[in-house]
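Enquirer: My structure is in target-v7.cif, and what it holds is mmCIF, C-alpha atoms:
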```cif
data_structure
loop_
_atom_site.label_atom_id
_atom_site.label_comp_id
_atom_site.auth_asym_id
_atom_site.auth_seq_id
_atom_site.Cartn_x
_atom_site.Cartn_y
_atom_site.Cartn_z
CA MET A 13 -2.43 -163.47 170.11
CA ILE A 14 -0.46 -160.44 171.15
CA ARG A 15 -0.63 -159.03 174.63
CA PRO A 16 -1.22 -155.29 175.05
CA SER A 17 2.18 -155.03 176.74
CA ASP A 18 3.78 -156.53 173.60
CA ARG A 19 2.13 -153.88 171.46
CA LEU A 20 3.28 -151.17 173.85
CA GLU A 21 6.82 -152.55 173.78
CA ALA A 22 6.82 -152.56 169.97
CA TRP A 23 5.64 -148.94 169.83
CA ILE A 24 8.23 -147.85 172.40
CA ARG A 25 10.96 -149.69 170.47
CA ARG A 26 9.93 -147.92 167.24
CA PHE A 27 9.90 -144.56 169.01
CA LEU A 28 13.35 -145.17 170.51
CA MET A 29 14.70 -146.25 167.11
CA LEU A 30 13.36 -143.03 165.59
CA ILE A 31 15.08 -141.03 168.31
CA LEU A 32 18.30 -142.95 167.71
CA VAL A 33 18.22 -142.44 163.94
CA LEU A 34 17.37 -138.74 164.15
CA GLY A 35 19.01 -137.83 167.45
CA LEU A 36 22.39 -139.45 166.98
CA PRO A 37 23.59 -137.30 164.06
CA VAL A 38 22.00 -134.15 165.47
CA ALA A 39 23.58 -134.60 168.91
CA ALA A 40 26.98 -135.60 167.55
CA LEU A 41 27.15 -132.77 165.01
CA SER A 42 25.88 -130.05 167.29
CA ALA A 43 28.14 -131.05 170.21
CA GLY A 44 31.15 -131.51 167.94
CA LEU A 45 30.67 -128.23 166.11
CA THR A 46 30.11 -126.35 169.36
CA ALA A 47 33.32 -127.77 170.84
CA TYR A 48 35.24 -127.04 167.63
CA GLU A 49 34.01 -123.45 167.42
CA SER A 50 34.83 -122.87 171.08
CA SER A 51 38.31 -124.31 170.60
CA MET A 52 38.84 -122.19 167.48
CA ARG A 53 37.97 -119.05 169.48
CA THR A 54 40.65 -120.12 171.96
CA VAL A 55 43.12 -120.69 169.10
CA GLN A 56 42.44 -117.21 167.72
CA ALA A 57 42.65 -115.54 171.12
CA GLN A 58 45.89 -117.29 172.06
CA SER A 59 47.43 -116.63 168.64
CA ALA A 60 46.66 -112.92 169.03
CA GLU A 61 48.03 -112.77 172.59
CA ARG A 62 51.22 -114.79 172.12
CA GLN A 63 54.27 -114.34 169.95
CA GLU A 64 57.18 -116.61 169.19
CA VAL A 65 60.76 -115.40 169.66
CA THR A 66 64.13 -117.10 169.43
CA ALA A 67 66.02 -117.42 172.70
CA ARG A 68 69.53 -118.64 173.45
CA LEU A 69 70.36 -121.14 176.21
CA THR A 70 72.56 -119.53 178.85
CA SER A 71 73.51 -122.79 180.58
CA ASN A 72 73.91 -126.47 179.85
CA THR A 73 71.19 -128.87 180.80
CA LYS A 74 71.96 -130.13 184.27
CA GLY A 75 73.71 -133.48 184.21
CA VAL A 76 70.77 -135.71 183.26
CA LYS A 77 71.49 -137.58 180.04
CA THR A 78 67.97 -138.69 179.18
CA ASP A 79 65.85 -138.01 176.16
CA GLY A 80 63.36 -136.04 178.27
CA LYS A 81 62.96 -132.31 178.72
CA GLN A 82 64.44 -130.07 181.39
CA GLN A 83 63.95 -126.54 182.67
CA VAL A 84 66.82 -124.34 181.44
CA GLN A 85 67.65 -120.64 181.69
CA VAL A 86 67.30 -118.77 178.36
CA ARG A 87 67.94 -115.19 177.19
CA TRP A 88 66.28 -113.18 174.41
CA THR A 89 65.91 -109.58 173.28
CA ASP A 90 62.40 -108.11 173.35
CA GLU A 91 60.83 -105.66 170.87
CA ASN A 92 62.23 -102.68 172.78
CA GLY A 93 65.81 -104.02 172.64
CA ARG A 94 65.93 -105.06 176.30
CA VAL A 95 67.62 -108.33 177.16
CA ARG A 96 65.26 -110.62 179.07
CA THR A 97 65.75 -113.98 180.78
CA GLY A 98 63.47 -116.82 181.81
CA THR A 99 63.22 -120.57 182.02
CA THR A 100 61.73 -122.94 179.51
CA LEU A 101 61.64 -126.67 178.77
CA VAL A 102 64.19 -127.94 176.25
CA ASN A 103 65.53 -131.33 175.24
CA SER A 104 68.02 -132.52 177.84
CA ARG A 105 70.85 -132.85 175.27
CA THR A 106 70.63 -129.27 174.00
CA PRO A 107 74.03 -127.55 174.41
CA GLU A 108 74.67 -124.10 175.91
CA GLY A 109 74.37 -121.31 173.35
CA ALA A 110 71.86 -123.17 171.16
CA THR A 111 68.80 -121.27 169.99
CA VAL A 112 65.32 -122.44 170.90
CA PRO A 113 61.89 -121.02 170.10
CA VAL A 114 59.90 -119.68 173.08
CA TRP A 115 56.43 -118.20 173.27
CA LEU A 116 55.76 -114.94 175.11
CA ASP A 117 52.51 -113.51 176.41
CA ARG A 118 51.59 -109.79 176.17
CA GLU A 119 53.61 -108.98 179.29
CA GLY A 120 56.71 -110.65 177.82
CA ALA A 121 56.69 -113.68 180.12
CA ILE A 122 57.39 -117.15 178.75
CA THR A 123 54.22 -119.16 178.23
CA SER A 124 53.07 -122.27 176.41
CA PRO A 125 52.51 -122.24 172.64
CA PRO A 126 49.00 -121.33 171.48
CA MET A 127 46.49 -124.09 170.86
CA THR A 128 46.63 -125.37 167.29
CA THR A 129 43.81 -125.86 164.81
CA LEU A 130 44.59 -129.59 164.92
CA THR A 131 43.83 -129.58 168.65
CA ALA A 132 40.57 -127.70 167.99
CA ARG A 133 39.60 -130.23 165.33
CA THR A 134 40.48 -133.12 167.62
CA ASN A 135 38.38 -131.61 170.43
CA GLY A 136 35.41 -131.29 168.07
CA TRP A 137 35.67 -134.90 166.90
CA PHE A 138 36.13 -136.19 170.44
CA VAL A 139 33.15 -134.30 171.87
CA GLY A 140 30.98 -135.27 168.89
CA GLY A 141 31.97 -138.91 169.33
CA MET A 142 31.20 -138.81 173.04
CA ALA A 143 27.80 -137.27 172.32
CA ALA A 144 27.10 -140.11 169.87
CA VAL A 145 28.16 -142.68 172.47
CA GLY A 146 25.84 -140.97 174.98
CA VAL A 147 22.87 -141.15 172.62
CA VAL A 148 23.52 -144.82 171.88
CA GLY A 149 23.93 -145.54 175.60
CA GLY A 150 20.68 -143.72 176.31
CA PHE A 151 18.94 -145.73 173.60
CA PHE A 152 20.08 -149.08 174.99
CA GLY A 153 19.41 -147.99 178.57
CA ALA A 154 15.87 -146.85 177.75
CA ARG A 155 15.21 -150.03 175.78
CA ALA A 156 16.48 -152.24 178.60
CA GLY A 157 14.56 -150.25 181.21
CA THR A 158 11.35 -150.46 179.22
CA ARG A 159 11.80 -154.18 178.74
CA ARG A 160 12.51 -154.69 182.45
CA VAL A 161 9.43 -152.75 183.58
CA LEU A 162 7.17 -154.54 181.11
CA ASP A 163 8.61 -157.97 181.97
CA ARG A 164 8.04 -157.38 185.68
CA ARG A 165 4.44 -156.48 184.91
CA ARG A 166 4.04 -159.54 182.67
CA TYR A 167 5.48 -161.84 185.33
CA ALA A 168 3.13 -160.35 187.93
CA GLN A 169 0.15 -160.94 185.62
CA TRP A 170 1.34 -164.47 184.92
CA ASP A 171 1.63 -165.13 188.67
CA THR A 172 -1.90 -163.85 189.24
CA GLU A 173 -3.29 -165.98 186.41
CA TRP A 174 -1.40 -169.05 187.60
CA ASP A 175 -2.81 -168.62 191.10
CA LEU A 176 -6.28 -168.91 189.53
CA VAL A 177 -5.52 -171.79 187.17
CA GLU A 178 -3.15 -173.91 189.26
CA PRO A 179 -5.73 -175.32 191.72
CA LEU A 180 -7.92 -176.46 188.82
CA TRP A 181 -4.97 -177.82 186.91
CA SER A 182 -3.43 -179.75 189.76
CA ALA A 183 -6.82 -181.14 190.83
CA ARG A 184 -6.99 -183.09 187.56
CA PHE A 185 -3.95 -185.14 188.60
CA ARG A 186 -5.02 -185.91 192.20
CA ARG A 187 -7.70 -188.46 191.26
#
```
I need this file expressed as structure tokens, please.

Expert:
Amino acid sequence: MIRPSDRLEAWIRRFLMLILVLGLPVAALSAGLTAYESSMRTVQAQSAERQEVTARLTSNTKGVKTDGKQQVQVRWTDENGRVRTGTTLVNSRTPEGATVPVWLDREGAITSPPMTTLTARTNGWFVGGMAAVGVVGGFFGARAGTRRVLDRRRYAQWDTEWDLVEPLWSARFRR
């Protein structure tokens, strides 16, 4: 004997499993590819806007003898032959006069390096993975919610039935 709520639960479980099997790869791939393509557009735009030049340190790193990075004054010559200066992060043990690569934007100001294709790929994988986790979480949440709602209904029906049967049942033992 199967209760109607058991049949309903079985059908809902099958439906949720179908959504999991079909929705997981679709959600993960579409989210991951969208994030990757967006990041690749950023890589291309930043690569077109920024150029790498070699600059020379004009001062020693200030006193700190750690393996970290410090802001240091650098000098370089731009495309027009003008000498320019700015500050950039270098290893704290870099001596004065050493050459370091710096990235410049279109205006000639020092900026960060452009995003790499590895970063774009990593973003795509991460977003795709998070979409997959979201689909799995939704699956388990919907399954648990369905089970909870149906169990509450079953317990209410059981209470109602017991209220009808209990007086007859307990009367048998009072004799």

Enquirer: Could you pull the residues within 10 Å of Arg25 in chain A, counting all atoms listed in the file, minus those fewer than 5 positions along the same chain, as a PyMOL selection string?

Expert: chain A and resi 19-20+30-31+151+154-155+158-159

Enquirer: So how many Å separate CA of Thr70 in chain A and CA of Gln82 in chain A, to one decimal?

Expert: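 Spanning CA of Thr70 in chain A to CA of Gln82 in chain A is a straight-line distance of 13.5 Å.
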
Enquirer: Please indicate the distance in Å from CA of Thr100 in chain A to CA of Arg87 in chain A, rounded to one decimal place.

Expert: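 Separation between CA of Thr100 in chain A and CA of Arg87 in chain A: 10.2 Å.
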
Enquirer: Can you pull out the residues contacting Val139 in chain A? Cut-off 9 Å, using all atoms listed in the file, and skip same-chain residues under 4 positions away; I want them as number ranges by chain.

Expert: A: 40, 43-48, 134-135, 143-144

Enquirer: What is the distance between CA of Gln83 in chain A and CA of Thr54 in chain A, in Å to one decimal?

Expert: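 CA of Gln83 in chain A sits 26.4 Å away from CA of Thr54 in chain A.
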
Enquirer: Any chance you could resolve the PyMOL selection byres ((chain A and resi 161-170) around 12) against this file and give the residues as a list in words?

Expert: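 Checking the PyMOL selection byres ((chain A and resi 161-170) around 12) against this file, the residues are Arg15, Pro16, Ser17, Asp18, Arg19, Leu20, Glu21, Ala22, Ile24, Ala154, Arg155, Ala156, Gly157, Thr158, Arg159, Arg160, Asp171, Thr172, Glu173, Trp174, Asp175, Leu176, Val177 and Glu178 of chain A.
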
Enquirer: May I have the residues within 10 Å of Ser51 in chain A as a list in words, using all atoms listed in the file and disregarding those fewer than 5 positions away in the same chain?

Expert: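 Result of the neighbour search: Leu45, Thr46, Gln56, Ala57, Met127, Thr128, Thr129, Leu130, Thr131, Ala132, Arg133, Thr134, Asn135 and Gly136 of chain A.
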
Enquirer: Which is closer to Gly140 in chain A than all the others in A:Ala39, A:Arg94, A:Val55, A:Trp23, using all atoms listed in the file?

Expert: A:Ala39

Enquirer: For the PyMOL selection byres ((chain A and resi 116) around 9), applied here, can you spell out every residue it catches as a list in words?

Expert: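 Output of the PyMOL selection byres ((chain A and resi 116) around 9): Glu61, Arg62, Gln63, Glu64, Val65, Val114, Trp115, Asp117, Arg118, Glu119, Gly120, Ala121, Ile122, Thr123, Ser124 and Pro125 of chain A.
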
Enquirer: Name the residues that the PyMOL selection byres ((chain A and resi 72) around 10) pulls out of this structure, and write them as a short mmCIF file (atom, residue, chain, number, x, y, z; two decimals) with C-alpha atoms, keeping the file's coordinate frame.

Expert:
```
data_model
loop_
_atom_site.label_atom_id
_atom_site.label_comp_id
_atom_site.auth_asym_id
_atom_site.auth_seq_id
_atom_site.Cartn_x
_atom_site.Cartn_y
_atom_site.Cartn_z
CA LEU A 69 70.36 -121.14 176.21
CA THR A 70 72.56 -119.53 178.85
CA SER A 71 73.51 -122.79 180.58
CA THR A 73 71.19 -128.87 180.80
CA LYS A 74 71.96 -130.13 184.27
CA GLY A 75 73.71 -133.48 184.21
CA VAL A 84 66.82 -124.34 181.44
CA GLN A 85 67.65 -120.64 181.69
CA SER A 104 68.02 -132.52 177.84
CA ARG A 105 70.85 -132.85 175.27
CA THR A 106 70.63 -129.27 174.00
CA PRO A 107 74.03 -127.55 174.41
CA GLU A 108 74.67 -124.10 175.91
CA GLY A 109 74.37 -121.31 173.35
CA ALA A 110 71.86 -123.17 171.16
#
```

Enquirer: Hey, which of A:Phe185, A:Val38, A:Arg53, A:Pro113 ends up closest to Thr66 in chain A? Count all atoms listed in the file.

Expert: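 Ranked by minimum distance to Thr66 in chain A, first place goes to A:Pro113.
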
Enquirer: Go through A:Ile14, A:Val148, A:Met29, A:Met142 one by one, measure the shortest atom-to-atom distance of each to Ser42 in chain A using all atoms listed in the file, and give the residue with the smallest value.

Expert: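 Of the candidates, the smallest distance to Ser42 in chain A is held by A:Met142.
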
Enquirer: Which residues come within 7 Å of Val86 in chain A, counting all atoms listed in the file, excluding same-chain residues fewer than 6 positions away, as JSON, numbers by chain?

Expert: {"A": [67, 68, 69, 70, 97, 98, 99]}
